[in-house]
Structures are given as C-alpha cells and as structure tokens.
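Structure file final29.tsv with TSV, C-alpha atoms:
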chain	number	residue	atom	x	y	z
A	121	MET	CA	-0.51	-31.12	133.71
A	122	LYS	CA	-1.30	-30.56	130.04
A	123	CYS	CA	0.40	-27.77	128.08
A	124	LEU	CA	-2.10	-25.12	127.00
A	125	TYR	CA	-0.54	-24.91	123.55
A	126	CYS	CA	0.32	-28.46	122.41
A	127	GLU	CA	-1.40	-30.57	125.11
A	128	CYS	CA	1.85	-32.38	125.92
A	129	THR	CA	1.63	-33.89	129.41
A	130	GLU	CA	5.28	-33.35	130.32
A	131	SER	CA	6.68	-30.07	131.61
A	132	LYS	CA	9.55	-28.98	133.81
A	133	VAL	CA	9.33	-26.45	136.62
A	134	VAL	CA	11.45	-23.36	135.89
A	135	ASP	CA	10.54	-21.29	138.98
A	136	SER	CA	8.48	-21.78	142.16
A	137	ARG	CA	7.41	-19.25	144.75
A	138	ALA	CA	4.83	-19.07	147.50
A	139	THR	CA	2.06	-16.54	146.94
A	140	ASP	CA	0.49	-17.04	150.36
A	141	GLU	CA	0.34	-19.66	153.10
A	142	ARG	CA	-1.60	-22.14	150.97
A	143	THR	CA	-0.65	-21.40	147.36
A	144	ILE	CA	2.49	-21.98	145.29
A	145	ARG	CA	2.99	-20.32	141.91
A	146	ARG	CA	4.98	-22.44	139.46
A	147	ARG	CA	6.41	-21.28	136.15
A	148	ARG	CA	6.61	-24.30	133.82
A	149	GLU	CA	8.18	-25.02	130.47
A	150	CYS	CA	6.60	-27.56	128.12
A	151	VAL	CA	8.99	-30.35	127.09
A	152	GLY	CA	7.11	-30.74	123.77
A	153	CYS	CA	6.92	-27.20	122.39
A	154	GLY	CA	9.18	-25.22	124.77
A	155	ARG	CA	6.54	-22.60	125.59
A	156	ARG	CA	6.07	-21.44	129.15
A	157	PHE	CA	2.95	-21.24	131.29
A	158	THR	CA	2.07	-20.62	134.94
A	159	THR	CA	0.24	-22.95	137.31
A	160	TYR	CA	-0.91	-22.52	140.89
A	161	GLU	CA	-1.02	-25.27	143.50
A	162	THR	CA	-3.28	-24.87	146.50
A	163	ILE	CA	-3.84	-27.07	149.49
A	164	GLU	CA	-7.19	-28.75	149.29
A	165	VAL	CA	-9.02	-28.56	152.58
A	166	SER	CA	-11.95	-30.88	153.07
A	167	PRO	CA	-14.79	-28.92	154.62
A	168	VAL	CA	-15.71	-29.45	158.24
A	169	LEU	CA	-19.35	-28.91	159.09
A	170	VAL	CA	-20.46	-27.31	162.33
A	171	VAL	CA	-23.58	-28.85	163.84
A	172	LYS	CA	-25.51	-26.09	165.54
A	173	ASN	CA	-27.78	-26.51	168.57
A	174	ASN	CA	-30.90	-26.59	166.40
A	175	GLY	CA	-29.45	-29.42	164.28
A	176	THR	CA	-28.60	-27.36	161.21
A	177	ARG	CA	-25.17	-27.64	159.64
A	178	GLU	CA	-22.89	-25.04	158.13
A	179	ALA	CA	-19.26	-24.94	157.04
A	180	PHE	CA	-16.72	-24.12	159.75
A	181	ASN	CA	-15.82	-20.45	159.52
A	182	ALA	CA	-12.81	-19.28	161.51
A	183	GLU	CA	-13.88	-15.67	160.96
A	184	LYS	CA	-17.07	-16.26	162.97
A	185	VAL	CA	-14.96	-17.65	165.82
A	186	ARG	CA	-12.67	-14.60	165.57
A	187	ASN	CA	-15.59	-12.15	165.63
A	188	GLY	CA	-17.00	-13.74	168.79
A	189	ILE	CA	-13.65	-13.55	170.53
A	190	VAL	CA	-13.05	-9.95	169.41
A	191	LYS	CA	-16.45	-8.96	170.79
A	192	SER	CA	-15.74	-10.54	174.17
A	193	CYS	CA	-12.31	-8.85	174.31
A	194	GLU	CA	-13.58	-5.33	173.54
A	195	LYS	CA	-11.98	-2.73	175.82
A	196	ARG	CA	-9.75	-5.40	177.35
A	197	PRO	CA	-5.93	-5.53	177.20
A	198	VAL	CA	-5.87	-8.49	174.81
A	199	PRO	CA	-3.62	-7.95	171.77
A	200	ILE	CA	-5.05	-8.85	168.37
A	201	THR	CA	-2.09	-11.21	167.86
A	202	VAL	CA	-3.26	-13.26	170.86
A	203	ILE	CA	-6.79	-13.41	169.39
A	204	ASP	CA	-5.37	-14.51	166.02
A	205	ASP	CA	-3.30	-17.20	167.76
A	206	ILE	CA	-6.42	-18.50	169.54
A	207	VAL	CA	-8.37	-18.63	166.26
A	208	LEU	CA	-5.48	-20.37	164.48
A	209	ASP	CA	-5.14	-22.88	167.31
A	210	ILE	CA	-8.87	-23.67	167.27
A	211	SER	CA	-8.90	-23.95	163.46
A	212	LYS	CA	-5.99	-26.39	163.58
A	213	GLN	CA	-7.73	-28.43	166.26
A	214	VAL	CA	-10.95	-28.57	164.23
A	215	TYR	CA	-9.22	-29.60	160.98
A	216	ASN	CA	-6.75	-31.97	162.67
A	217	SER	CA	-9.54	-33.87	164.38
A	218	LEU	CA	-10.19	-35.55	161.02
A	219	GLU	CA	-13.90	-35.48	161.78
A	220	GLY	CA	-16.32	-34.33	159.12
A	221	GLU	CA	-18.48	-32.60	161.72
A	222	VAL	CA	-17.93	-30.75	164.96
A	223	SER	CA	-20.61	-29.37	167.27
A	224	SER	CA	-20.87	-25.66	167.95
A	225	LYS	CA	-20.78	-26.63	171.62
A	226	GLU	CA	-17.28	-28.13	171.22
A	227	ILE	CA	-16.06	-24.99	169.46
A	228	GLY	CA	-17.53	-22.81	172.21
A	229	GLU	CA	-15.77	-24.90	174.85
A	230	MET	CA	-12.47	-24.56	172.97
A	231	VAL	CA	-12.87	-20.78	172.88
A	232	MET	CA	-13.75	-20.55	176.58
A	233	GLU	CA	-10.84	-22.78	177.58
A	234	ARG	CA	-8.40	-20.46	175.83
A	235	LEU	CA	-10.06	-17.20	176.89
A	236	LYS	CA	-9.96	-18.28	180.53
A	237	LYS	CA	-6.16	-18.41	180.33
A	238	VAL	CA	-5.88	-15.05	178.55
A	239	ASP	CA	-8.41	-12.76	180.22
A	240	GLU	CA	-11.04	-13.74	182.80
A	241	VAL	CA	-13.35	-10.82	181.99
A	242	ALA	CA	-13.35	-11.74	178.29
A	243	TYR	CA	-14.02	-15.34	179.32
A	244	VAL	CA	-17.04	-14.32	181.43
A	245	ARG	CA	-18.36	-12.14	178.60
A	246	TYR	CA	-18.06	-15.00	176.12
A	247	ALA	CA	-19.52	-17.52	178.56
A	248	SER	CA	-22.48	-15.25	179.32
A	249	VAL	CA	-23.51	-15.29	175.66
A	250	TYR	CA	-22.45	-18.86	174.92
A	251	ARG	CA	-24.11	-20.39	177.99
A	252	SER	CA	-27.12	-18.05	177.74
A	253	PHE	CA	-27.15	-16.93	181.36
A	254	LYS	CA	-30.80	-16.26	182.03
A	255	ASP	CA	-30.46	-14.46	185.33
A	256	ILE	CA	-27.93	-13.13	187.82
A	257	SER	CA	-27.85	-16.38	189.83
A	258	SER	CA	-26.60	-18.43	186.87
A	259	PHE	CA	-24.01	-15.71	186.23
A	260	MET	CA	-22.92	-15.77	189.89
A	261	SER	CA	-22.72	-19.56	189.81
A	262	GLU	CA	-20.15	-19.35	187.00
A	263	LEU	CA	-18.16	-16.70	188.86
A	264	LYS	CA	-18.12	-18.81	192.03
A	265	GLN	CA	-16.78	-21.79	190.07
A	266	MET	CA	-14.01	-19.59	188.66
A	267	MET	CA	-13.11	-18.27	192.11
A	268	LYS	CA	-13.09	-21.79	193.56
A	269	ALA	CA	-10.77	-23.03	190.79
A	270	GLU	CA	-8.46	-20.05	191.31
A	271	ARG	CA	-8.24	-20.75	195.06
A	272	SER	CA	-7.37	-24.40	194.50
A	273	GLU	CA	-4.66	-23.36	191.98
A	274	ARG	CA	-3.12	-21.06	194.59
A	275	LYS	CA	-3.09	-23.86	197.18
A	276	ASN	CA	-1.37	-26.23	194.76
A	277	LYS	CA	1.44	-23.76	194.09
Written as structure tokens, how would this file's structure read?
Amino acid sequence: MKCLYCECTESKVVDSRATDERTIRRRRECVGCGRRFTTYETIEVSPVLVVKNNGTREAFNAEKVRNGIVKSCEKRPVPITVIDDIVLDISKQVYNSLEGEVSSKEIGEMVMERLKKVDEVAYVRYASVYRSFKDISSFMSELKQMMKAERSERKNK
C-alpha cells in the first residue's frame, strides 16, 4: 500500500474495524512521513454465472432468489428470517461449489428442497411456477408425490 503523500510503501495499522460483513476499515500511519490515511479491505468474490434454460448467462443474484421465495411465501406463516436463512444457505452453496457456472435448474431445485421442509404450500406455489405446470393433472401429480413421500415418512417413524 503506497502512502498518498510520500508514496512510501510501508505503513502500520493504527486502528481496524469492520464496516459490514465483507469490509474492514483500517486507519494507517505512514512509516516514511508519519501522516495518516484510511484504507478499506473487501472480500473479492469471483462471479458465478447462472446458465438459464435458454442458454443465456447472467451473474448469480441472491436477491432474485429471495424475491421468488418471498412471492411463494406470501400470506403464509413463514418468517422473513427463515427466508433470509434459505437465501444465505443457497448463496453459500453456490459460491462454495467452486464452479464458475451453475444452472438455473440447480438453483430452483435447491429452493424447492428447502421450501418443502419449511412450508408445503409455499413449496407447491414455487414448484408450480418453476416446473411450469401446464394443467391440473401435472399439478395433481406433484401433490400425489408429496403425499406419497409424507406417508412413507410416517411409516418409517
């Protein structure tokens, strides 16, 4: 880090404090001239691209995931903290995969997997948009699968 005043490359940190989850503010003092200046360190996140069904790519946006979940949970007893936890969990999974690309299908499956555990109605709402149910029979097919899985869970307990 070069001093703004004398361009000396050595400085000592006088004070550090976090400004948010990803940024640290550091107050530095130049070893050469003794003047002080402030620097900010942020975590560099390499972008993850989402490959959509039509083949286009766009940067992963956790806010889009959040908006979809919020919509499916409207008028349901799902606290916003639970929604935020789901979004954070999915974001971590996407970034921790160390892949440069992830398909929108994978993200949709991650959302449905978590919504199923939280609220079945929200899950069905999300699945109906995500899986593009074309008619009532495809919708009923999904419900039957859910009911079958629930019955087998009860038997195993």
Judged by only C-alpha atoms, the minimum distance to A:Asn187 among A:Cys150, A:Val165, A:Val231, A:Ala138 is found for A:Val231
Excluding A:Gly175 and residues on its chain fewer than 3 positions from it, collect all residues at most 12 Å away from it, counting only C-alpha atoms, and give them as a tab-separated table (two decimals) with C-alpha atoms, keeping the file's coordinate frame.
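What follows is the written file out27.tsv:
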chain	number	residue	atom	x	y	z
A	169	LEU	CA	-19.35	-28.91	159.09
A	170	VAL	CA	-20.46	-27.31	162.33
A	171	VAL	CA	-23.58	-28.85	163.84
A	172	LYS	CA	-25.51	-26.09	165.54
A	178	GLU	CA	-22.89	-25.04	158.13
A	221	GLU	CA	-18.48	-32.60	161.72
A	222	VAL	CA	-17.93	-30.75	164.96
A	223	SER	CA	-20.61	-29.37	167.27
A	224	SER	CA	-20.87	-25.66	167.95
A	225	LYS	CA	-20.78	-26.63	171.62
re atom CA of A:Val168 and atom CA of A:Phe180: distance 5.6 Å
Kindly give the distance, in Å, that separates atom CA of A:Glu194 and atom CA of A:Arg234, rounded to a single decimal.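 Calculated distance between atom CA of A:Glu194 and atom CA of A:Arg234 is 16.2 Å.
Going from atom CA of A:Thr158 over to atom CA of A:Arg146, you cover 5.7 Å.
The environment of A:Leu208 within 10 Å, counting all atoms listed in the file and disregarding residues fewer than 4 places along the same chain, consists of Ala182, Val185, Arg186, Val202, Ile203, Asp204, Lys212, Gln213 and Val214 of chain A.
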Margin query: Under the rule that only C-alpha atoms are counted, which of A:Pro167, A:Ser258, A:Val198, A:Val190 is the nearest residue to A:Asn216?
Written below: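 Using only C-alpha atoms, the shortest distance to A:Asn216 belongs to A:Pro167.
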Min atom-atom distance to A:Ile206 from the set A:Cys193, A:Leu235, A:Leu218, A:Cys126, counting all atoms listed in the file, belongs to A:Leu235
List the spatial neighbours of A:Ser248 as an MDAnalysis selection string - criterion: any atom at most 12 Å away, all atoms listed in the file, same-chain residues fewer than 5 positions off excluded. chainID A and resid 188 192 228 232 241:243 253:263
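Counting only C-alpha atoms and comparing A:Arg251, A:Arg142, A:Arg156, A:Lys236, the residue that lies closest to A:Asn173 is A:Arg251.
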